[in-house]
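K.L.:
I'm passing along protein03.cif; it holds mmCIF, C-alpha atoms.
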```cif
data_structure
#
loop_
_atom_site.label_atom_id
_atom_site.label_comp_id
_atom_site.auth_asym_id
_atom_site.auth_seq_id
_atom_site.Cartn_x
_atom_site.Cartn_y
_atom_site.Cartn_z
CA MET A 1 124.71 43.49 6.09
CA SER A 2 128.09 43.46 7.86
CA LYS A 3 130.03 46.63 8.50
CA VAL A 4 132.48 45.48 5.86
CA GLY A 5 129.64 45.31 3.35
CA GLU A 6 128.43 48.75 4.37
CA HIS A 7 131.95 50.09 3.96
CA PHE A 8 132.05 48.97 0.34
CA ILE A 9 128.58 50.32 -0.50
CA ALA A 10 129.01 53.82 0.91
CA HIS A 11 130.56 56.39 -1.41
CA ASP A 12 133.83 58.01 -0.42
CA GLY A 13 135.35 61.26 -1.66
CA MET A 14 136.68 59.64 -4.81
CA THR A 15 133.63 57.57 -5.82
CA GLU A 16 130.92 60.12 -4.94
CA PRO A 17 129.46 61.23 -8.31
CA GLY A 18 127.86 64.45 -7.06
CA PRO A 19 125.04 66.05 -9.09
CA LEU A 20 126.12 64.20 -12.23
CA GLY A 21 125.15 60.94 -10.58
CA ARG A 22 121.91 61.50 -12.48
CA LEU A 23 123.81 60.18 -15.52
CA TYR A 24 123.76 56.74 -13.92
CA GLU A 25 119.99 56.50 -13.75
CA HIS A 26 119.36 55.19 -17.26
CA LEU A 27 122.37 52.89 -17.55
CA PRO A 28 121.65 49.19 -18.20
CA PRO A 29 121.41 46.86 -15.19
CA ASP A 30 123.92 44.17 -16.12
CA ILE A 31 127.60 44.33 -15.19
CA ALA A 32 128.86 43.41 -18.67
CA SER A 33 127.07 46.36 -20.28
CA LEU A 34 128.25 48.74 -17.58
CA ARG A 35 131.82 47.56 -18.02
CA ASP A 36 131.62 48.09 -21.79
CA ILE A 37 130.26 51.62 -21.32
CA VAL A 38 132.99 52.61 -18.86
CA SER A 39 135.69 51.23 -21.17
CA ARG A 40 134.52 53.67 -23.88
CA LEU A 41 134.48 56.82 -21.73
CA ILE A 42 138.23 57.15 -21.10
CA VAL A 43 141.36 56.72 -23.20
CA HIS A 44 144.29 55.29 -21.31
CA VAL A 45 147.23 57.67 -21.69
CA SER A 46 149.47 54.80 -22.77
CA CYS A 47 147.10 53.82 -25.60
CA ALA A 48 146.44 57.26 -27.08
CA ASP A 49 148.69 56.69 -30.10
CA GLN A 50 146.79 53.53 -31.00
CA TYR A 51 143.60 55.58 -31.29
CA GLY A 52 145.24 58.04 -33.69
CA ILE A 53 145.27 60.87 -31.17
CA PRO A 54 147.95 63.46 -32.12
CA ALA A 55 151.10 63.30 -30.02
CA SER A 56 150.75 67.02 -29.29
CA THR A 57 147.48 66.45 -27.41
CA PRO A 58 147.92 66.87 -23.64
CA ARG A 59 147.39 63.56 -21.87
CA PRO A 60 146.89 64.16 -18.14
CA ARG A 61 147.21 61.03 -16.01
CA GLU A 62 146.34 62.41 -12.56
CA THR A 63 143.66 60.34 -10.87
CA GLN A 64 140.44 62.34 -10.67
CA PRO A 65 137.53 62.06 -8.22
CA VAL A 66 134.56 60.61 -10.07
CA SER A 67 132.60 63.86 -9.69
CA ALA A 68 135.37 65.67 -11.58
CA ARG A 69 135.74 62.81 -14.06
CA LEU A 70 132.05 62.97 -14.97
CA GLN A 71 132.34 66.70 -15.50
CA LEU A 72 135.30 66.17 -17.85
CA ILE A 73 133.41 63.43 -19.69
CA GLN A 74 130.50 65.80 -20.31
CA GLU A 75 132.81 68.61 -21.40
CA CYS A 76 134.36 66.31 -24.00
CA PHE A 77 131.01 64.96 -25.20
CA ASN A 78 127.76 66.23 -23.76
CA GLY A 79 125.37 63.31 -23.77
CA PRO A 80 124.28 60.14 -21.97
CA LEU A 81 127.14 57.94 -20.82
CA GLU A 82 125.89 55.00 -22.86
CA VAL A 83 126.28 56.91 -26.15
CA PRO A 84 129.56 55.82 -27.82
CA ARG A 85 132.19 58.57 -27.99
CA PRO A 86 134.94 58.86 -30.60
CA PRO A 87 138.37 58.45 -28.94
CA ARG A 88 139.15 62.14 -29.42
CA GLN A 89 136.05 63.01 -27.42
CA ARG A 90 136.96 60.92 -24.39
CA THR A 91 138.90 61.98 -21.32
CA PHE A 92 142.41 60.73 -20.58
CA GLY A 93 143.19 58.60 -17.58
CA THR A 94 144.71 55.37 -16.31
CA CYS A 95 143.39 51.99 -15.24
CA ARG A 96 142.56 53.38 -11.79
CA ASP A 97 140.16 55.93 -13.32
CA TYR A 98 138.17 53.25 -15.14
CA SER A 99 137.99 51.20 -11.94
CA LEU A 100 136.88 54.12 -9.81
CA LEU A 101 134.13 55.01 -12.27
CA LEU A 102 132.72 51.49 -12.38
CA CYS A 103 133.00 51.27 -8.59
CA SER A 104 131.05 54.53 -8.32
CA ILE A 105 128.24 53.28 -10.56
CA LEU A 106 127.92 50.02 -8.63
CA ARG A 107 127.93 51.72 -5.23
CA HIS A 108 125.28 54.10 -6.51
CA ARG A 109 123.14 50.99 -7.00
CA ALA A 110 123.93 49.73 -3.47
CA ILE A 111 126.15 46.96 -4.83
CA PRO A 112 129.29 46.51 -2.69
CA ALA A 113 132.29 47.41 -4.85
CA ARG A 114 135.95 48.23 -4.30
CA VAL A 115 139.05 49.15 -6.28
CA ARG A 116 142.06 46.83 -6.19
CA CYS A 117 145.73 47.24 -7.07
CA GLY A 118 147.78 44.33 -8.35
CA PHE A 119 149.27 42.75 -11.46
CA ALA A 120 147.76 41.57 -14.74
CA THR A 121 149.28 38.97 -17.04
CA TYR A 122 147.51 40.01 -20.24
CA PHE A 123 149.45 43.12 -21.27
CA ASP A 124 152.40 43.14 -23.65
CA ALA A 125 154.54 45.52 -21.56
CA ALA A 126 155.52 43.01 -18.85
CA PRO A 127 154.78 39.45 -17.73
CA ASN A 128 152.94 40.91 -14.72
CA GLN A 129 151.96 44.52 -15.30
CA ASP A 130 150.93 46.92 -12.52
CA HIS A 131 147.17 47.29 -12.96
CA TRP A 132 144.02 48.46 -11.15
CA ILE A 133 140.67 46.69 -11.39
CA CYS A 134 137.24 46.83 -9.73
CA GLU A 135 135.71 44.08 -7.60
CA TYR A 136 132.01 43.76 -6.83
CA TRP A 137 130.13 41.46 -4.49
CA SER A 138 127.92 38.95 -6.29
CA ALA A 139 125.04 38.30 -3.91
CA ALA A 140 123.91 35.34 -6.01
CA GLU A 141 127.31 33.65 -5.84
CA GLN A 142 128.36 35.02 -2.43
CA ARG A 143 131.79 36.01 -3.69
CA TRP A 144 133.76 38.93 -5.07
CA ARG A 145 134.08 39.06 -8.85
CA ARG A 146 136.99 40.91 -10.46
CA VAL A 147 136.24 43.21 -13.38
CA ASP A 148 138.64 44.95 -15.75
CA ALA A 149 136.83 48.14 -16.74
CA GLN A 150 139.60 49.42 -19.01
CA ILE A 151 139.69 46.91 -21.85
CA ASP A 152 137.58 48.09 -24.79
CA GLU A 153 136.98 46.25 -28.06
CA MET A 154 140.24 47.44 -29.64
CA GLN A 155 142.39 46.41 -26.69
CA GLN A 156 140.53 43.13 -26.35
CA ARG A 157 141.29 42.33 -29.98
CA ASP A 158 144.91 43.51 -29.92
CA LEU A 159 145.71 41.66 -26.70
CA GLY A 160 143.91 38.50 -27.80
CA ILE A 161 141.72 38.45 -24.68
CA THR A 162 139.10 35.69 -24.71
CA PHE A 163 138.27 35.37 -20.99
CA ASP A 164 135.37 37.05 -19.21
CA LEU A 165 136.37 40.61 -18.33
CA THR A 166 133.61 40.74 -15.70
CA ASP A 167 135.00 37.71 -13.85
CA LEU A 168 138.77 37.60 -14.26
CA PRO A 169 140.23 34.10 -13.93
CA ASN A 170 142.58 33.59 -10.99
CA ASP A 171 145.57 33.05 -13.25
CA VAL A 172 145.30 36.35 -15.17
CA TYR A 173 145.20 38.80 -12.26
CA LEU A 174 147.00 38.75 -8.92
CA THR A 175 146.31 41.17 -6.11
CA ALA A 176 149.37 42.80 -4.61
CA ALA A 177 149.25 40.46 -1.61
CA GLN A 178 148.95 37.36 -3.78
CA ALA A 179 151.93 38.44 -5.87
CA TRP A 180 153.96 39.33 -2.76
CA ARG A 181 153.36 35.92 -1.18
CA LEU A 182 154.47 34.16 -4.36
CA ALA A 183 157.61 36.28 -4.59
CA ARG A 184 158.48 35.77 -0.93
CA SER A 185 158.10 32.00 -1.32
CA GLY A 186 160.42 31.98 -4.33
CA SER A 187 157.66 30.76 -6.66
CA VAL A 188 157.97 33.74 -9.03
CA ASP A 189 160.67 36.18 -10.11
CA PRO A 190 159.99 39.61 -8.55
CA ASP A 191 161.56 41.28 -11.57
CA ASP A 192 158.63 40.05 -13.65
CA PHE A 193 156.33 42.36 -11.68
CA GLY A 194 156.18 46.12 -12.14
CA HIS A 195 155.53 49.13 -14.31
CA GLY A 196 157.96 49.84 -17.14
CA ASP A 197 161.49 49.83 -15.76
CA ALA A 198 160.20 49.98 -12.18
CA ARG A 199 159.96 46.41 -10.99
CA GLY A 200 161.01 43.95 -8.35
CA LEU A 201 160.15 43.52 -4.67
CA TRP A 202 160.33 47.25 -3.92
CA PHE A 203 157.61 47.99 -6.51
CA MET A 204 155.55 45.05 -5.28
CA ASP A 205 155.80 46.71 -1.86
CA VAL A 206 154.46 49.94 -3.39
CA ASP A 207 151.43 48.09 -4.72
CA LEU A 208 150.91 46.35 -1.37
CA HIS A 209 150.49 49.75 0.25
CA ARG A 210 148.28 51.09 -2.52
CA ASP A 211 146.00 48.05 -2.40
CA LEU A 212 145.56 48.14 1.37
CA LEU A 213 144.86 51.88 1.27
CA ALA A 214 142.35 51.38 -1.56
CA LEU A 215 140.55 48.79 0.56
CA ALA A 216 140.24 51.53 3.18
CA ASN A 217 138.77 53.85 0.51
CA ARG A 218 141.98 55.85 0.31
CA HIS A 219 142.38 55.57 -3.43
CA THR A 220 145.29 57.96 -3.85
CA SER A 221 148.21 58.33 -1.48
CA VAL A 222 151.85 59.32 -1.09
CA TRP A 223 152.75 55.89 -2.45
CA ASP A 224 151.70 57.15 -5.89
CA THR A 225 154.96 59.13 -5.92
CA TRP A 226 156.95 55.94 -6.58
CA ARG A 227 158.56 57.51 -9.65
CA SER A 228 160.57 59.68 -7.24
CA ALA A 229 162.24 56.67 -5.62
CA THR A 230 166.03 56.61 -5.90
CA ALA A 231 168.16 53.51 -6.40
CA GLU A 232 168.74 53.44 -2.64
CA ASN A 233 164.99 53.54 -1.99
CA ARG A 234 164.53 50.51 -4.23
CA CYS A 235 166.48 48.20 -1.92
CA LEU A 236 164.55 46.37 0.80
CA ASP A 237 166.27 44.95 3.87
CA GLU A 238 164.95 42.19 6.12
CA THR A 239 163.03 44.70 8.23
CA ASP A 240 161.35 46.07 5.10
CA LEU A 241 160.46 42.56 3.94
CA ALA A 242 158.93 41.67 7.30
CA TYR A 243 156.94 44.91 7.19
CA GLY A 244 155.71 44.01 3.69
CA ASP A 245 154.58 40.65 5.07
CA ARG A 246 152.55 42.53 7.66
CA VAL A 247 150.88 44.67 4.98
CA ALA A 248 150.04 41.53 2.98
CA THR A 249 148.52 39.95 6.10
CA SER A 250 146.34 43.03 6.63
CA ILE A 251 145.04 42.76 3.06
CA GLU A 252 144.29 39.07 3.53
CA THR A 253 142.48 39.80 6.80
CA ILE A 254 140.13 42.20 5.02
CA GLU A 255 139.53 39.70 2.24
CA GLN A 256 138.63 37.01 4.76
CA SER A 257 136.45 39.20 6.97
CA GLU A 258 133.16 39.15 5.06
CA GLY A 259 130.33 39.00 7.58
CA CYS A 260 132.58 40.22 10.41
CA ALA A 261 132.45 43.53 12.21
CA SER A 262 135.94 44.74 11.35
CA ARG A 263 136.35 47.77 9.12
CA PRO A 264 139.10 48.05 6.50
CA ASP A 265 139.91 51.65 7.43
CA GLU A 266 140.88 50.52 10.92
CA THR A 267 143.71 48.35 9.58
CA VAL A 268 145.91 51.01 7.99
CA ALA A 269 147.00 53.04 11.03
CA PHE A 270 150.36 51.25 11.15
CA LEU A 271 151.30 52.14 7.57
CA ARG A 272 154.35 54.32 7.09
CA ASN A 273 155.30 56.72 4.34
CA PRO A 274 157.64 55.60 1.57
CA SER A 275 161.31 56.19 2.33
CA TRP A 276 161.74 58.71 -0.48
CA ILE A 277 159.39 61.23 1.12
CA ASP A 278 159.51 60.23 4.80
CA THR A 279 161.22 63.03 6.72
CA SER A 280 160.13 61.85 10.16
CA GLY A 281 163.13 59.61 10.62
CA ALA A 282 160.82 56.71 11.33
#
```
Show me this structure written as structure tokens.

P.N.:
Amino acid sequence: MSKVGEHFIAHDGMTEPGPLGRLYEHLPPDIASLRDIVSRLIVHVSCADQYGIPASTPRPRETQPVSARLQLIQECFNGPLEVPRPPRQRTFGTCRDYSLLLCSILRHRAIPARVRCGFATYFDAAPNQDHWICEYWSAAEQRWRRVDAQIDEMQQRDLGITFDLTDLPNDVYLTAAQAWRLARSGSVDPDDFGHGDARGLWFMDVDLHRDLLALANRHTSVWDTWRSATAENRCLDETDLAYGDRVATSIETIEQSEGCASRPDETVAFLRNPSWIDTSGA
């Protein structure tokens, strides 16, 4: 297997399950069943009201290492992962937490898997909503398949989703680089891409950085502080746009390098900090 393949099989600090990896041992073998199980272990903080969870219930959204996530899952409901949990006995998290957990399970089985950051078209909040998914390498098909581990039966029904959640069609999910290229070519409106009121090219640039870092197994970063960006920080000049093009190219290089000796973590050395926290003057 190539070094790239090895990179996406080996656990990192966020996907390593620790002693509770024993919970994976009796899970079913097929991806669809694993996806369904993961979707029922976490409640997305934005969906808590839909599950009838009281508004007074704390809803932490900090991304957790999988070892800590599994511990929280067991504290909420002590039992095998495949046993359905009532919503009030699930942990809280975001789309990245679902993706990390599925990635962890697949890597534990020596299946190359990685977490991706981009934009989904199937949510009501925005035409192209900031969203994290998991990709895994299908040896039979010799390609990466995109999986949304968040969508459970309720969300699938409410959002009217009929496509295969273990093999997302190309027109329902765009990686950050794909979206950036379309925006830079004028094919799409950048303001259709974002998270809540945070949208446009500057937010697409945030997701470019987060996706490239995730490909290097750096699943959380200073770019997650995007809520601290000021109005001034949300304006990109020509230098910023050219730099974003370079980040997109790095992502595309990793995607095209299957079977090559390059390693994703060698491609992020040039990345800079976001302007709202960069005190280096660079």

K.L.:
Between A:Pro112, A:Gly93, A:Pro127, A:Gly194, which is the closest to Pro60 in chain A once you count all atoms listed in the file?

P.N.:
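Ranking A:Pro112, A:Gly93, A:Pro127, A:Gly194 by distance to Pro60 in chain A, first place goes to A:Gly93.
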
K.L.:
Kindly provide the residues of range 85-166 of chain A that approach range 210-220 of chain A to within 8 Å, each paired with its closest atom pair and their distance in Å to one decimal, based on all atoms listed in the file, listed by chain and increasing number, as JSON lines.

P.N.:
```
{"residue": "A:Arg114", "atom": "CA", "partner": "A:Leu215", "partner_atom": "CA", "distance": 6.7}
{"residue": "A:Val115", "atom": "CA", "partner": "A:Ala214", "partner_atom": "CA", "distance": 6.2}
{"residue": "A:Arg116", "atom": "CA", "partner": "A:Asp211", "partner_atom": "CA", "distance": 5.6}
{"residue": "A:Cys117", "atom": "CA", "partner": "A:Asp211", "partner_atom": "CA", "distance": 4.7}
{"residue": "A:Gly118", "atom": "CA", "partner": "A:Asp211", "partner_atom": "CA", "distance": 7.2}
```

K.L.:
Could you list as a PyMOL selection string every residue that has an atom within 10 Å of (135.0, 48.7, -5.4), using the file's coordinates and counting all atoms listed in the file?

P.N.:
chain A and resi 7-9+11+15+99-107+111-116+133-137+144+146-147+214-215+217

K.L.:
Please, could you write that set of residues out with C-alpha atoms as a JSON list (two decimals), in the frame of the given file?

P.N.:
```json
[["chain", "number", "residue", "atom", "x", "y", "z"],
["A", 7, "HIS", "CA", 131.95, 50.09, 3.96],
["A", 8, "PHE", "CA", 132.05, 48.97, 0.34],
["A", 9, "ILE", "CA", 128.58, 50.32, -0.50],
["A", 11, "HIS", "CA", 130.56, 56.39, -1.41],
["A", 15, "THR", "CA", 133.63, 57.57, -5.82],
["A", 99, "SER", "CA", 137.99, 51.20, -11.94],
["A", 100, "LEU", "CA", 136.88, 54.12, -9.81],
["A", 101, "LEU", "CA", 134.13, 55.01, -12.27],
["A", 102, "LEU", "CA", 132.72, 51.49, -12.38],
["A", 103, "CYS", "CA", 133.00, 51.27, -8.59],
["A", 104, "SER", "CA", 131.05, 54.53, -8.32],
["A", 105, "ILE", "CA", 128.24, 53.28, -10.56],
["A", 106, "LEU", "CA", 127.92, 50.02, -8.63],
["A", 107, "ARG", "CA", 127.93, 51.72, -5.23],
["A", 111, "ILE", "CA", 126.15, 46.96, -4.83],
["A", 112, "PRO", "CA", 129.29, 46.51, -2.69],
["A", 113, "ALA", "CA", 132.29, 47.41, -4.85],
["A", 114, "ARG", "CA", 135.95, 48.23, -4.30],
["A", 115, "VAL", "CA", 139.05, 49.15, -6.28],
["A", 116, "ARG", "CA", 142.06, 46.83, -6.19],
["A", 133, "ILE", "CA", 140.67, 46.69, -11.39],
["A", 134, "CYS", "CA", 137.24, 46.83, -9.73],
["A", 135, "GLU", "CA", 135.71, 44.08, -7.60],
["A", 136, "TYR", "CA", 132.01, 43.76, -6.83],
["A", 137, "TRP", "CA", 130.13, 41.46, -4.49],
["A", 144, "TRP", "CA", 133.76, 38.93, -5.07],
["A", 146, "ARG", "CA", 136.99, 40.91, -10.46],
["A", 147, "VAL", "CA", 136.24, 43.21, -13.38],
["A", 214, "ALA", "CA", 142.35, 51.38, -1.56],
["A", 215, "LEU", "CA", 140.55, 48.79, 0.56],
["A", 217, "ASN", "CA", 138.77, 53.85, 0.51]]
```

K.L.:
Quick check, in Å to one decimal: how far apart do CA of Pro87 in chain A and CA of Cys47 in chain A lie?

P.N.:
10.4 Å

K.L.:
Please write the residues picked by the PyMOL selection byres ((chain A and resi 246) around 12) on this file as a VMD selection string.

P.N.:
chain A and resid 177 180 to 181 205 208 to 209 212 239 to 245 247 to 253 267 to 268 270 to 272

K.L.:
As a PyMOL selection string, please: the residues near Cys95 in chain A (cut-off 10 Å, only C-alpha atoms, same-chain neighbours under 4 positions excluded).

P.N.:
chain A and resi 39+42-45+61+63+99-100+117+130-134+148-151

K.L.:
Limited to C-alpha atoms, could you put the picked residues into a file as a compact mmCIF listing (two decimals), in the frame of the given file?

P.N.:
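Saved result, out.txt, follows:
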```txt
# COMPACT_ATOMS: atom_id res chain seq x y z
CA SER A 39 135.69 51.23 -21.17
CA ILE A 42 138.23 57.15 -21.10
CA VAL A 43 141.36 56.72 -23.20
CA HIS A 44 144.29 55.29 -21.31
CA VAL A 45 147.23 57.67 -21.69
CA ARG A 61 147.21 61.03 -16.01
CA THR A 63 143.66 60.34 -10.87
CA SER A 99 137.99 51.20 -11.94
CA LEU A 100 136.88 54.12 -9.81
CA CYS A 117 145.73 47.24 -7.07
CA ASP A 130 150.93 46.92 -12.52
CA HIS A 131 147.17 47.29 -12.96
CA TRP A 132 144.02 48.46 -11.15
CA ILE A 133 140.67 46.69 -11.39
CA CYS A 134 137.24 46.83 -9.73
CA ASP A 148 138.64 44.95 -15.75
CA ALA A 149 136.83 48.14 -16.74
CA GLN A 150 139.60 49.42 -19.01
CA ILE A 151 139.69 46.91 -21.85
```

K.L.:
What gap, in Å, lies between CA of Trp276 in chain A and CA of Asp224 in chain A?

P.N.:
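One can read the CA of Trp276 in chain A to CA of Asp224 in chain A distance as 11.5 Å.
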
K.L.:
Taking 5 positions as the minimum chain separation for residues in the same chain, which residues sit within 8 Å of Met204 in chain A when counting all atoms listed in the file? Answer as a PyMOL selection string.

P.N.:
chain A and resi 176+179-180+190+193-194+199

K.L.:
Put those residues in a file: C-alpha atoms, as a compact mmCIF listing (two decimals), keeping the file's coordinate frame.

P.N.:
```
# COMPACT_ATOMS: atom_id res chain seq x y z
CA ALA A 176 149.37 42.80 -4.61
CA ALA A 179 151.93 38.44 -5.87
CA TRP A 180 153.96 39.33 -2.76
CA PRO A 190 159.99 39.61 -8.55
CA PHE A 193 156.33 42.36 -11.68
CA GLY A 194 156.18 46.12 -12.14
CA ARG A 199 159.96 46.41 -10.99
```

K.L.:
Between A:Val172, A:Ala125, A:Leu72, A:Val206, which residue has the minimum interatomic distance to Arg227 in chain A, considering only C-alpha atoms?

P.N.:
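The shortest atom-to-atom distance to Arg227 in chain A comes from A:Val206.
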
K.L.:
Point out the residue among A:Val222, A:Ile31, A:Leu174, A:Ala231 with the least atom-to-atom distance to Arg109 in chain A, counting only C-alpha atoms.

P.N.:
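Nearest candidate to Arg109 in chain A out of A:Val222, A:Ile31, A:Leu174, A:Ala231: A:Ile31.
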
K.L.:
Just how far from CA of Phe77 in chain A is CA of Glu16 in chain A, in Å to one decimal?

P.N.:
20.8 Å

K.L.:
Return as a JSON list (two decimals) with C-alpha atoms, in the coordinates of the input the set of residues that the PyMOL selection byres ((chain A and resi 159) around 8) yields on the displayed structure.

P.N.:
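Below is the file that was written, out21.json:
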```json
[["chain", "number", "residue", "atom", "x", "y", "z"],
["A", 122, "TYR", "CA", 147.51, 40.01, -20.24],
["A", 123, "PHE", "CA", 149.45, 43.12, -21.27],
["A", 124, "ASP", "CA", 152.40, 43.14, -23.65],
["A", 155, "GLN", "CA", 142.39, 46.41, -26.69],
["A", 156, "GLN", "CA", 140.53, 43.13, -26.35],
["A", 157, "ARG", "CA", 141.29, 42.33, -29.98],
["A", 158, "ASP", "CA", 144.91, 43.51, -29.92],
["A", 160, "GLY", "CA", 143.91, 38.50, -27.80],
["A", 161, "ILE", "CA", 141.72, 38.45, -24.68]]
```

K.L.:
In terms of the shortest atom-to-atom distance over only C-alpha atoms, which of A:Ala10, A:Asn233, A:Asn128, A:Ser56 is closest to Val188 in chain A?

P.N.:
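With only C-alpha atoms as the atom set, the closest residue is A:Asn128.
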
K.L.:
For each of A:Arg90, A:Arg35, A:Arg96, A:Arg85, take the minimum atom-to-atom distance to Glu62 in chain A, counting all atoms listed in the file, then give the residue where this is smallest.

P.N.:
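Among A:Arg90, A:Arg35, A:Arg96, A:Arg85, it is A:Arg96 that comes nearest to Glu62 in chain A.
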
K.L.:
Mind telling me what the PyMOL selection byres ((chain A and resi 20) around 10) catches here, as a ChimeraX atom specification?

P.N.:
/A:16-19,21-25,66-71,74

K.L.:
Return the single residue from A:Ile254, A:Ala229, A:Ala183, A:Glu238 that is closest to Glu266 in chain A, with distances computed using only C-alpha atoms.

P.N.:
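Closest residue, counting only C-alpha atoms: A:Ile254.
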
K.L.:
Can you patch up range 35-52 of chain A, filling it in to N, CA, C and O atoms, and show the result as a PDB file, in the frame of the given file?

P.N.:
```
ATOM      1  N   ARG A  35     130.384  47.619 -17.765  1.00  0.00           N
ATOM      2  CA  ARG A  35     131.820  47.560 -18.020  1.00  0.00           C
ATOM      3  C   ARG A  35     132.156  48.072 -19.412  1.00  0.00           C
ATOM      4  O   ARG A  35     133.102  48.839 -19.606  1.00  0.00           O
ATOM      5  N   ASP A  36     131.383  47.650 -20.418  1.00  0.00           N
ATOM      6  CA  ASP A  36     131.620  48.090 -21.790  1.00  0.00           C
ATOM      7  C   ASP A  36     131.476  49.611 -21.906  1.00  0.00           C
ATOM      8  O   ASP A  36     132.279  50.260 -22.585  1.00  0.00           O
ATOM      9  N   ILE A  37     130.484  50.169 -21.250  1.00  0.00           N
ATOM     10  CA  ILE A  37     130.260  51.620 -21.320  1.00  0.00           C
ATOM     11  C   ILE A  37     131.435  52.368 -20.702  1.00  0.00           C
ATOM     12  O   ILE A  37     131.968  53.321 -21.285  1.00  0.00           O
ATOM     13  N   VAL A  38     131.868  51.949 -19.519  1.00  0.00           N
ATOM     14  CA  VAL A  38     132.990  52.610 -18.860  1.00  0.00           C
ATOM     15  C   VAL A  38     134.255  52.530 -19.708  1.00  0.00           C
ATOM     16  O   VAL A  38     135.017  53.501 -19.815  1.00  0.00           O
ATOM     17  N   SER A  39     134.474  51.403 -20.364  1.00  0.00           N
ATOM     18  CA  SER A  39     135.690  51.230 -21.170  1.00  0.00           C
ATOM     19  C   SER A  39     135.744  52.198 -22.344  1.00  0.00           C
ATOM     20  O   SER A  39     136.830  52.449 -22.889  1.00  0.00           O
ATOM     21  N   ARG A  40     134.577  52.761 -22.728  1.00  0.00           N
ATOM     22  CA  ARG A  40     134.520  53.670 -23.880  1.00  0.00           C
ATOM     23  C   ARG A  40     134.415  55.142 -23.480  1.00  0.00           C
ATOM     24  O   ARG A  40     134.208  55.997 -24.333  1.00  0.00           O
ATOM     25  N   LEU A  41     134.583  55.431 -22.193  1.00  0.00           N
ATOM     26  CA  LEU A  41     134.480  56.820 -21.730  1.00  0.00           C
ATOM     27  C   LEU A  41     135.847  57.475 -21.522  1.00  0.00           C
ATOM     28  O   LEU A  41     135.952  58.700 -21.442  1.00  0.00           O
ATOM     29  N   ILE A  42     136.883  56.666 -21.407  1.00  0.00           N
ATOM     30  CA  ILE A  42     138.230  57.150 -21.100  1.00  0.00           C
ATOM     31  C   ILE A  42     139.204  56.530 -22.086  1.00  0.00           C
ATOM     32  O   ILE A  42     139.017  55.389 -22.523  1.00  0.00           O
ATOM     33  N   VAL A  43     140.243  57.267 -22.435  1.00  0.00           N
ATOM     34  CA  VAL A  43     141.360  56.720 -23.200  1.00  0.00           C
ATOM     35  C   VAL A  43     142.556  56.622 -22.264  1.00  0.00           C
ATOM     36  O   VAL A  43     142.959  57.616 -21.650  1.00  0.00           O
ATOM     37  N   HIS A  44     143.097  55.443 -22.144  1.00  0.00           N
ATOM     38  CA  HIS A  44     144.290  55.290 -21.310  1.00  0.00           C
ATOM     39  C   HIS A  44     145.440  56.063 -21.962  1.00  0.00           C
ATOM     40  O   HIS A  44     145.660  55.971 -23.172  1.00  0.00           O
ATOM     41  N   VAL A  45     146.171  56.815 -21.150  1.00  0.00           N
ATOM     42  CA  VAL A  45     147.230  57.670 -21.690  1.00  0.00           C
ATOM     43  C   VAL A  45     148.261  56.867 -22.479  1.00  0.00           C
ATOM     44  O   VAL A  45     148.849  57.378 -23.441  1.00  0.00           O
ATOM     45  N   SER A  46     148.470  55.620 -22.090  1.00  0.00           N
ATOM     46  CA  SER A  46     149.470  54.800 -22.770  1.00  0.00           C
ATOM     47  C   SER A  46     148.979  54.261 -24.115  1.00  0.00           C
ATOM     48  O   SER A  46     149.773  53.748 -24.896  1.00  0.00           O
ATOM     49  N   CYS A  47     147.683  54.364 -24.363  1.00  0.00           N
ATOM     50  CA  CYS A  47     147.100  53.820 -25.600  1.00  0.00           C
ATOM     51  C   CYS A  47     146.706  54.904 -26.591  1.00  0.00           C
ATOM     52  O   CYS A  47     146.176  54.585 -27.659  1.00  0.00           O
ATOM     53  N   ALA A  48     146.942  56.162 -26.255  1.00  0.00           N
ATOM     54  CA  ALA A  48     146.440  57.260 -27.080  1.00  0.00           C
ATOM     55  C   ALA A  48     146.908  57.169 -28.524  1.00  0.00           C
ATOM     56  O   ALA A  48     146.145  57.441 -29.465  1.00  0.00           O
ATOM     57  N   ASP A  49     148.165  56.789 -28.730  1.00  0.00           N
ATOM     58  CA  ASP A  49     148.690  56.690 -30.100  1.00  0.00           C
ATOM     59  C   ASP A  49     147.915  55.667 -30.918  1.00  0.00           C
ATOM     60  O   ASP A  49     147.684  55.868 -32.127  1.00  0.00           O
ATOM     61  N   GLN A  50     147.510  54.581 -30.299  1.00  0.00           N
ATOM     62  CA  GLN A  50     146.790  53.530 -31.000  1.00  0.00           C
ATOM     63  C   GLN A  50     145.430  54.001 -31.504  1.00  0.00           C
ATOM     64  O   GLN A  50     144.892  53.446 -32.456  1.00  0.00           O
ATOM     65  N   TYR A  51     144.885  55.028 -30.869  1.00  0.00           N
ATOM     66  CA  TYR A  51     143.600  55.580 -31.290  1.00  0.00           C
ATOM     67  C   TYR A  51     143.758  56.716 -32.297  1.00  0.00           C
ATOM     68  O   TYR A  51     142.778  57.348 -32.683  1.00  0.00           O
ATOM     69  N   GLY A  52     145.006  56.984 -32.722  1.00  0.00           N
ATOM     70  CA  GLY A  52     145.240  58.040 -33.690  1.00  0.00           C
ATOM     71  C   GLY A  52     145.166  59.432 -33.109  1.00  0.00           C
ATOM     72  O   GLY A  52     144.985  60.413 -33.842  1.00  0.00           O
TER      73      GLY A  52
END
```
